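Enquirer: So I've got this file, start.cif, and it contains mmCIF, C-alpha atoms:
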```cif
data_entry
#
loop_
_atom_site.label_atom_id
_atom_site.label_comp_id
_atom_site.auth_asym_id
_atom_site.auth_seq_id
_atom_site.Cartn_x
_atom_site.Cartn_y
_atom_site.Cartn_z
CA MET A 1 20.13 -104.30 -5.62
CA MET A 2 17.49 -106.79 -6.65
CA ASN A 3 15.90 -106.59 -10.08
CA LEU A 4 12.17 -106.13 -10.60
CA ARG A 5 12.17 -109.02 -13.05
CA CYS A 6 13.20 -111.33 -10.23
CA VAL A 7 11.22 -109.93 -7.31
CA ARG A 8 7.47 -109.36 -7.19
CA THR A 9 7.01 -109.09 -3.43
CA GLY A 10 7.76 -106.25 -1.08
CA ILE A 11 7.53 -103.79 -3.97
CA LEU A 12 7.13 -100.65 -1.89
CA ALA A 13 10.09 -101.55 0.28
CA LEU A 14 12.07 -102.14 -2.89
CA LEU A 15 11.02 -98.81 -4.39
CA MET A 16 11.65 -96.85 -1.21
CA LEU A 17 15.06 -98.45 -0.70
CA SER A 18 15.94 -97.64 -4.29
CA SER A 19 15.07 -93.98 -3.72
CA LEU A 20 17.01 -93.86 -0.45
CA ALA A 21 20.00 -95.51 -2.07
CA PHE A 22 20.09 -92.71 -4.63
CA SER A 23 19.77 -89.85 -2.13
CA GLY A 24 23.44 -89.06 -1.46
CA CYS A 25 25.10 -85.73 -2.08
CA ALA A 26 25.79 -84.67 -5.63
CA GLY A 27 29.23 -85.55 -6.89
CA VAL A 28 31.48 -83.72 -9.32
CA LYS A 29 32.14 -85.39 -12.66
CA ASP A 30 33.91 -84.43 -15.84
CA LYS A 31 30.76 -83.10 -17.50
CA PRO A 32 27.50 -81.52 -16.30
CA ALA A 33 24.76 -83.92 -15.20
CA ALA A 34 22.26 -82.18 -17.48
CA GLU A 35 24.48 -83.12 -20.43
CA ASP A 36 24.30 -86.76 -19.30
CA LEU A 37 20.52 -86.61 -19.60
CA ASN A 38 20.78 -85.34 -23.18
CA LEU A 39 23.23 -88.14 -24.01
CA VAL A 40 20.81 -90.72 -22.60
CA MET A 41 18.04 -89.49 -24.88
CA ALA A 42 20.43 -89.59 -27.83
CA GLY A 43 21.35 -93.13 -26.85
CA MET A 44 17.69 -94.16 -26.76
CA ASP A 45 17.21 -92.70 -30.25
CA GLY A 46 20.03 -94.93 -31.48
CA THR A 47 18.41 -98.20 -30.37
CA ASP A 48 15.92 -100.27 -32.36
CA GLY A 49 14.00 -101.45 -29.32
CA VAL A 50 14.05 -102.33 -25.63
CA SER A 51 11.94 -104.27 -23.13
CA PHE A 52 10.97 -103.01 -19.71
CA GLU A 53 9.22 -104.04 -16.51
CA GLY A 54 8.08 -101.83 -13.67
CA ALA A 55 5.73 -101.15 -10.81
CA ALA A 56 3.70 -98.25 -9.43
CA ALA A 57 2.06 -97.69 -6.05
CA LEU A 58 0.36 -94.99 -3.97
CA LEU A 59 1.03 -94.38 -0.29
CA ILE A 60 -1.12 -92.18 1.95
CA ASP A 61 0.51 -91.15 5.21
CA GLY A 62 3.03 -93.92 4.71
CA LYS A 63 0.47 -96.68 4.18
CA THR A 64 0.10 -98.50 0.88
CA ILE A 65 -3.22 -98.36 -0.92
CA PRO A 66 -3.40 -102.02 -2.03
CA GLU A 67 -5.59 -101.46 -5.08
CA SER A 68 -3.14 -98.84 -6.38
CA THR A 69 -0.21 -101.25 -6.74
CA LEU A 70 0.37 -102.16 -10.38
CA TYR A 71 3.04 -104.35 -12.00
CA TYR A 72 3.54 -103.90 -15.73
CA GLY A 73 5.81 -104.75 -18.63
CA GLY A 74 6.20 -103.80 -22.24
CA LYS A 75 8.34 -103.19 -25.29
CA VAL A 76 9.54 -100.24 -27.36
CA ALA A 77 9.96 -100.83 -31.10
CA ASP A 78 11.09 -98.63 -33.98
CA HIS A 79 11.45 -95.59 -31.70
CA ASN A 80 7.74 -94.75 -31.98
CA ARG A 81 5.73 -97.81 -30.95
CA VAL A 82 5.17 -98.86 -27.35
CA SER A 83 3.07 -101.70 -25.96
CA LEU A 84 2.36 -102.09 -22.25
CA TYR A 85 0.55 -104.84 -20.33
CA SER A 86 -0.15 -105.63 -16.70
CA LEU A 87 1.72 -108.33 -14.83
CA LEU A 88 0.58 -110.41 -11.88
CA PRO A 89 2.17 -109.88 -8.45
CA ASP A 90 3.31 -113.52 -8.41
CA GLY A 91 5.18 -113.07 -11.70
CA GLY A 92 2.54 -114.20 -14.21
CA HIS A 93 3.51 -112.89 -17.63
CA PRO A 94 1.33 -112.59 -20.77
CA ALA A 95 4.16 -113.62 -23.06
CA SER A 96 2.51 -112.62 -26.34
CA ALA A 97 0.46 -109.68 -25.12
CA ALA A 98 2.85 -107.09 -26.49
CA GLU A 99 2.61 -108.48 -30.01
CA SER A 100 -0.95 -109.73 -30.31
CA GLY A 101 -2.98 -107.63 -27.93
CA PRO A 102 -4.77 -108.36 -24.68
CA ARG A 103 -5.00 -111.95 -23.49
CA SER A 104 -6.62 -113.53 -20.46
CA LEU A 105 -4.21 -113.83 -17.54
CA GLU A 106 -4.30 -116.60 -14.98
CA GLN A 107 -5.13 -115.03 -11.65
CA GLY A 108 -2.70 -115.36 -8.78
CA SER A 109 -3.66 -114.55 -5.20
CA GLY A 110 -6.56 -112.13 -5.66
CA ASP A 111 -8.21 -110.74 -8.75
CA ALA A 112 -5.59 -108.52 -10.34
CA PRO A 113 -7.06 -106.31 -13.10
CA VAL A 114 -5.83 -106.98 -16.62
CA TYR A 115 -4.69 -104.00 -18.71
CA TYR A 116 -3.20 -103.63 -22.17
CA THR A 117 -2.25 -100.53 -24.16
CA ARG A 118 -0.61 -99.98 -27.54
CA MET A 119 0.63 -96.50 -28.38
CA VAL A 120 2.18 -94.91 -31.46
CA LYS A 121 3.99 -91.59 -31.72
CA GLU A 122 2.53 -89.54 -34.57
CA ASP A 123 3.45 -85.94 -35.41
CA GLY A 124 5.36 -85.66 -32.15
CA LYS A 125 2.49 -86.88 -29.95
CA TRP A 126 1.77 -90.26 -28.39
CA THR A 127 -1.62 -91.65 -29.43
CA MET A 128 -3.37 -94.68 -27.95
CA LYS A 129 -4.21 -97.12 -30.75
CA GLN A 130 -5.54 -100.02 -28.70
CA ALA A 131 -6.46 -100.50 -25.07
CA SER A 132 -8.18 -102.93 -22.76
CA PRO A 133 -10.29 -101.77 -21.08
CA ALA A 134 -11.06 -99.30 -23.84
CA LEU A 135 -12.05 -96.50 -21.43
CA GLY A 136 -8.91 -94.43 -20.99
CA GLY A 137 -9.91 -93.23 -17.54
CA SER A 138 -9.77 -96.78 -16.16
CA ASN A 139 -6.55 -97.84 -17.89
CA PRO A 140 -3.47 -96.56 -16.02
CA LEU A 141 -0.87 -97.83 -18.48
CA GLU A 142 -0.94 -94.85 -20.84
CA ALA A 143 0.61 -92.64 -18.15
CA LEU A 144 3.36 -95.23 -17.53
CA ASN A 145 4.84 -95.14 -21.04
CA PRO A 146 8.54 -94.83 -20.09
CA LEU A 147 9.62 -93.42 -23.43
CA ARG A 148 7.16 -90.56 -23.15
CA GLN A 149 8.24 -90.00 -19.53
CA LEU A 150 11.86 -89.60 -20.63
CA GLU A 151 10.94 -87.34 -23.54
CA GLU A 152 8.83 -85.07 -21.34
CA LEU A 153 11.48 -85.04 -18.64
CA GLU A 154 14.02 -83.72 -21.11
CA LYS A 155 11.83 -80.67 -21.81
CA MET A 156 10.66 -79.84 -18.28
CA GLY A 157 12.02 -77.18 -15.94
CA LYS A 158 14.31 -79.06 -13.57
CA LYS A 159 17.57 -79.30 -11.67
CA VAL A 160 19.83 -82.20 -12.65
CA THR A 161 22.63 -83.40 -10.39
CA GLU A 162 24.66 -86.58 -10.17
CA GLU A 163 24.53 -88.81 -7.12
CA ALA A 164 27.71 -89.82 -5.37
CA GLY A 165 28.27 -93.40 -4.28
CA SER A 166 26.83 -95.06 -7.39
CA ALA A 167 27.85 -98.64 -8.10
CA ARG A 168 30.89 -99.05 -10.32
CA GLY A 169 29.96 -98.91 -13.98
CA THR A 170 26.78 -96.89 -13.42
CA ARG A 171 25.80 -93.27 -12.99
CA VAL A 172 22.69 -92.03 -11.23
CA LEU A 173 21.12 -88.70 -12.15
CA ARG A 174 18.84 -86.96 -9.67
CA ILE A 175 16.29 -84.87 -11.52
CA GLU A 176 14.01 -82.62 -9.46
CA LEU A 177 11.29 -80.66 -11.20
CA THR A 178 10.82 -77.03 -10.31
CA ALA A 179 7.83 -76.37 -8.06
CA GLU A 180 5.97 -74.76 -10.96
CA GLU A 181 6.73 -77.64 -13.32
CA ALA A 182 5.68 -80.26 -10.76
CA ARG A 183 2.33 -78.52 -10.29
CA ARG A 184 1.80 -78.05 -14.02
CA GLN A 185 2.62 -81.70 -14.72
CA LEU A 186 0.20 -83.01 -12.08
CA SER A 187 -2.56 -80.58 -13.09
CA ALA A 188 -2.33 -81.73 -16.71
CA GLU A 189 -2.44 -85.41 -15.72
CA LEU A 190 -5.46 -84.94 -13.44
CA GLU A 191 -7.30 -82.91 -16.05
CA GLN A 192 -6.73 -85.65 -18.65
CA LYS A 193 -8.05 -88.30 -16.26
CA MET A 194 -11.10 -86.24 -15.30
CA GLN A 195 -11.98 -85.57 -18.93
CA ALA A 196 -11.68 -89.30 -19.66
CA ILE A 197 -14.38 -90.10 -17.10
CA LYS A 198 -16.66 -87.15 -17.84
CA PRO A 199 -20.22 -88.42 -18.30
CA ALA A 200 -21.57 -88.52 -21.84
CA ALA A 201 -24.94 -89.36 -23.32
CA ARG A 202 -25.38 -93.03 -24.20
CA ILE A 203 -26.09 -93.46 -27.89
CA GLY A 204 -28.89 -95.91 -28.60
CA ALA A 205 -29.98 -96.21 -24.95
CA ALA A 206 -33.43 -97.73 -24.48
CA ALA A 207 -34.56 -95.26 -21.80
CA PRO A 208 -36.75 -92.29 -22.80
CA ALA A 209 -34.89 -89.13 -23.80
CA ASP A 210 -36.06 -87.12 -20.77
CA THR A 211 -34.95 -89.89 -18.40
CA GLN A 212 -31.57 -90.02 -20.07
CA ALA A 213 -31.24 -86.25 -19.82
CA LYS A 214 -32.01 -86.26 -16.08
CA ALA A 215 -29.55 -89.08 -15.43
CA LEU A 216 -26.84 -87.32 -17.43
CA ALA A 217 -27.48 -84.04 -15.58
CA THR A 218 -27.12 -85.83 -12.22
CA LYS A 219 -23.88 -87.47 -13.28
CA ASN A 220 -22.52 -84.19 -14.63
CA ALA A 221 -23.33 -82.42 -11.38
CA LEU A 222 -21.43 -85.05 -9.43
CA TRP A 223 -18.52 -84.86 -11.87
CA GLU A 224 -18.35 -81.06 -11.55
CA GLN A 225 -18.46 -81.36 -7.74
CA LYS A 226 -15.53 -83.78 -7.75
CA GLN A 227 -13.68 -81.61 -10.25
CA THR A 228 -14.05 -78.60 -7.95
CA GLU A 229 -12.97 -80.56 -4.87
CA LEU A 230 -9.95 -81.91 -6.71
CA GLN A 231 -8.92 -78.44 -7.87
CA GLN A 232 -9.28 -77.02 -4.37
CA ARG A 233 -7.13 -79.76 -2.90
CA LEU A 234 -4.55 -79.27 -5.63
CA ASN A 235 -4.40 -75.53 -4.95
CA GLN A 236 -3.71 -76.21 -1.27
CA ALA A 237 -1.08 -78.88 -1.87
CA ASP A 238 2.69 -78.63 -1.78
CA ILE A 239 4.02 -80.78 -4.64
CA ARG A 240 7.50 -82.18 -5.04
CA THR A 241 8.56 -84.51 -7.86
CA VAL A 242 11.97 -86.16 -8.06
CA TYR A 243 13.27 -88.67 -10.61
CA TYR A 244 16.33 -90.91 -10.38
CA LEU A 245 17.78 -92.14 -13.66
CA LYS A 246 20.33 -94.96 -13.51
CA VAL A 247 22.55 -94.94 -16.59
CA ASP A 248 25.03 -97.32 -18.20
CA PRO A 249 27.78 -94.77 -18.98
CA LYS A 250 29.48 -96.97 -21.57
CA ARG A 251 26.41 -97.05 -23.80
CA ASN A 252 24.62 -93.91 -22.54
CA LEU A 253 21.46 -95.95 -22.03
CA PRO A 254 19.04 -95.91 -19.09
CA THR A 255 18.80 -99.06 -16.99
CA ARG A 256 16.28 -97.82 -14.41
CA LEU A 257 13.96 -94.84 -13.97
CA THR A 258 12.44 -94.15 -10.55
CA SER A 259 10.00 -91.34 -9.77
CA ASN A 260 8.69 -90.09 -6.45
CA ARG A 261 5.90 -87.52 -6.39
CA THR A 262 4.90 -86.25 -2.94
CA LEU A 263 1.83 -84.15 -2.17
CA THR A 264 1.22 -82.57 1.22
CA TYR A 265 -2.10 -80.87 1.93
CA PRO A 266 -4.45 -80.05 4.84
CA GLY A 267 -6.46 -83.09 5.92
CA LYS A 268 -9.29 -83.63 8.35
CA ALA A 269 -9.35 -81.83 11.72
CA GLY A 270 -6.38 -79.70 10.72
CA ALA A 271 -4.06 -82.67 10.29
CA THR A 272 -1.67 -82.80 7.32
CA THR A 273 -2.08 -85.55 4.74
CA GLU A 274 0.82 -86.79 2.66
CA GLU A 275 0.45 -88.77 -0.55
CA ALA A 276 3.40 -90.36 -2.34
CA TYR A 277 3.10 -91.86 -5.80
CA ILE A 278 6.14 -93.98 -6.62
CA THR A 279 7.05 -95.68 -9.87
CA GLN A 280 10.07 -97.68 -10.97
CA VAL A 281 10.85 -99.21 -14.35
CA ASP A 282 13.83 -101.37 -15.39
CA PHE A 283 15.06 -101.44 -19.01
CA TYR A 284 16.68 -104.53 -20.52
CA GLY A 285 17.31 -106.30 -23.82
CA TYR A 286 18.40 -103.32 -25.90
CA LYS A 287 18.59 -104.00 -29.63
#
```
I need this file expressed as structure tokens, please.
Expert:
Amino acid sequence: MMNLRCVRTGILALLMLSSLAFSGCAGVKDKPAAEDLNLVMAGMDGTDGVSFEGAAALLIDGKTIPESTLYYGGKVADHNRVSLYSLLPDGGHPASAAESGPRSLEQGSGDAPVYYTRMVKEDGKWTMKQASPALGGSNPLEALNPLRQLEELEKMGKKVTEEAGSARGTRVLRIELTAEEARRQLSAELEQKMQAIKPAARIGAAAPADTQAKALATKNALWEQKQTELQQRLNQADIRTVYYLKVDPKRNLPTRLTSNRTLTYPGKAGATTEEAYITQVDFYGYK
């Protein structure tokens, strides 16, 4: 299977093939698959750092939404510091972004947005310390922190099985969230994003106070309308979330984490709409 560090094209085909390759029947091993997941987290705790590169994309009724496709990279250091930055589809790499913050990227084919995020784990919670753009609602990298994904996955309600037919020297865990957990996870993520874009009064704006108040009221009304529509659609949706964790069994360390979240809900004219949000991240360079 090709590595994300080597291939920047055909990402959705790569992600979908990865998921299909992991979809065999569960095999029987010498210890429960859920125990393997615990060992992986213990293995991560024993490392001083790791680099990673990944991609994320949204499909609606099987068609890619081009602006949703994001390539990213980053580093984990000292167990509690993570930096993430966007990559260009043609392989452009901000070599020093992880250490020194956001830099200007040379554009490839098209104007790919530039993102940077630095997060620190404090008192058991991940906190964003630096971001570009600063508005959290427009920066998707915070949600793609792979260390936080693994930590949350360990605590969620789920069924863990092991996939048969894995390549020699690797193990693949299939981790499916319970229906309740999948809904709770998505609801929390959407609520965080909506709160991040909730209109607020502009401090120091030149417009008269009454004009500002009217503009803010209009924006809030629109925000509340979209919030209601989103909640209604969420209530009608069937949600299924499955992760595939590829593990190096000799070191009990993850080498790849793939997630596939599928939503099915009533669309226009009684038709059913299906959305699939797929992410994949490769880990390398453990220290």
Enquirer: One decimal, Å: what's the distance from atom CA of A:Ala179 over to atom CA of A:Tyr265, could you say?
Expert: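 Atom CA of A:Tyr265 lies at a distance of 14.8 Å from atom CA of A:Ala179.
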Enquirer: Could you check how far atom CA of A:Phe283 sits from atom CA of A:Thr258, in Å to one decimal?
Expert: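 Separation of atom CA of A:Phe283 and atom CA of A:Thr258: 11.5 Å.
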Enquirer: Convert the output of the PyMOL selection byres ((chain A and resi 227) around 12) on the shown file into explicit residues, formatted as a PyMOL selection string.
Expert: chain A and resi 187+190-195+197-198+220-226+228-234
Enquirer: Nearest to A:Ala56: which of A:Leu37, A:Ala143, A:Val114, A:Leu253 is it, counting all atoms listed in the file?
Expert: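 Using all atoms listed in the file, the shortest distance to A:Ala56 belongs to A:Ala143.
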Enquirer: Running the PyMOL selection byres ((chain A and resi 128) around 12) on this model by hand, what would come out? Give it as a PyMOL selection string.
Expert: chain A and resi 80-84+116-122+125-127+129-132+134-136+139+141-143+145
Enquirer: List the residues matched by the PyMOL selection byres ((chain A and resi 154) around 12) in the displayed structure as a list in words, ordered by chain and then by residue number.
Expert: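 For this structure, the PyMOL selection byres ((chain A and resi 154) around 12) resolves to Ala34, Glu35, Asp36, Leu37, Asn38, Leu39, Val40, Met41, Ala42, Leu147, Arg148, Gln149, Leu150, Glu151, Glu152, Leu153, Lys155, Met156, Gly157, Lys158, Lys159, Val160, Ile175, Glu176, Leu177, Tyr243 and Leu245 of chain A.
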Enquirer: Please, what distance in Å, to one decimal, runs between atom CA of A:Val76 and atom CA of A:Ala276?
Expert: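 Interatomic distance here is 27.6 Å.
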Enquirer: Would you list the contacts of stretch 268-273 of chain A as a PyMOL selection string, taking every protein, DNA or RNA residue within 10 Å and counting only C-alpha atoms, but skipping same-chain residues closer than 3 positions in sequence?
Expert: chain A and resi 60-62+237+263-265
Enquirer: A:Tyr286: which residues within 10 Å, counting only C-alpha atoms, same-chain residues fewer than 5 positions away excluded, as a list in words?
Expert: Met44, Thr47, Asp48, Gly49, Val50, Ser51, Phe52, Val76, Leu253 and Thr255 of chain A
Enquirer: Could you give me, as number ranges by chain, the residues within 6 Å of A:Ile278, counting all atoms listed in the file and dropping anything in the same chain fewer than 5 positions from it?
Expert: A: 56-57, 259-260
Enquirer: Next, write the just-selected residues to a file, as a PDB file, in the coordinates of the input, keeping C-alpha atoms as the atom set.
Expert:
```pdb
ATOM      1  CA  ALA A  56       3.700 -98.250  -9.430  1.00  0.00           C
ATOM      2  CA  ALA A  57       2.060 -97.690  -6.050  1.00  0.00           C
ATOM      3  CA  SER A 259      10.000 -91.340  -9.770  1.00  0.00           C
ATOM      4  CA  ASN A 260       8.690 -90.090  -6.450  1.00  0.00           C
TER       5      ASN A 260
END
```
Enquirer: For A:Leu58, work out the shell of residues within 9 Å, counting only C-alpha atoms and skipping chain neighbours fewer than 2 positions away, then give it as an MDAnalysis selection string.
Expert: chainID A and resid 56 60 63:69 275:279
Enquirer: Hey, which of A:Asp45, A:Pro32, A:Glu53, A:Ile239 ends up closest to A:Ala182? Count only C-alpha atoms.
Expert: A:Ile239
Enquirer: Pick the closest to A:Asn252 from A:Pro208, A:Gly285, A:Gly43, A:Pro146: which is it, counting all atoms listed in the file?
Expert: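 Comparing A:Pro208, A:Gly285, A:Gly43, A:Pro146 against A:Asn252, the winner is A:Gly43.
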Enquirer: Show which residues sit within 12 Å of A:Ala200, as a short mmCIF file (atom, residue, chain, number, x, y, z; two decimals) with C-alpha atoms, in the coordinates of the input. Count only C-alpha atoms, and ignore same-chain residues fewer than 3 positions away.
Expert:
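The result, stored in out_7.cif:
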```
data_model
loop_
_atom_site.label_atom_id
_atom_site.label_comp_id
_atom_site.auth_asym_id
_atom_site.auth_seq_id
_atom_site.Cartn_x
_atom_site.Cartn_y
_atom_site.Cartn_z
CA GLN A 195 -11.98 -85.57 -18.93
CA ALA A 196 -11.68 -89.30 -19.66
CA ILE A 197 -14.38 -90.10 -17.10
CA ILE A 203 -26.09 -93.46 -27.89
CA ALA A 205 -29.98 -96.21 -24.95
CA GLN A 212 -31.57 -90.02 -20.07
CA ALA A 213 -31.24 -86.25 -19.82
CA ALA A 215 -29.55 -89.08 -15.43
CA LEU A 216 -26.84 -87.32 -17.43
CA ALA A 217 -27.48 -84.04 -15.58
CA THR A 218 -27.12 -85.83 -12.22
CA LYS A 219 -23.88 -87.47 -13.28
CA ASN A 220 -22.52 -84.19 -14.63
CA TRP A 223 -18.52 -84.86 -11.87
#
```
Enquirer: Have a look at A:Leu173, A:Ala164, A:Pro140, A:Tyr244 and name the one nearest to A:Glu189; count only C-alpha atoms.
Expert: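 So, comparing all the options, the nearest one is A:Pro140.
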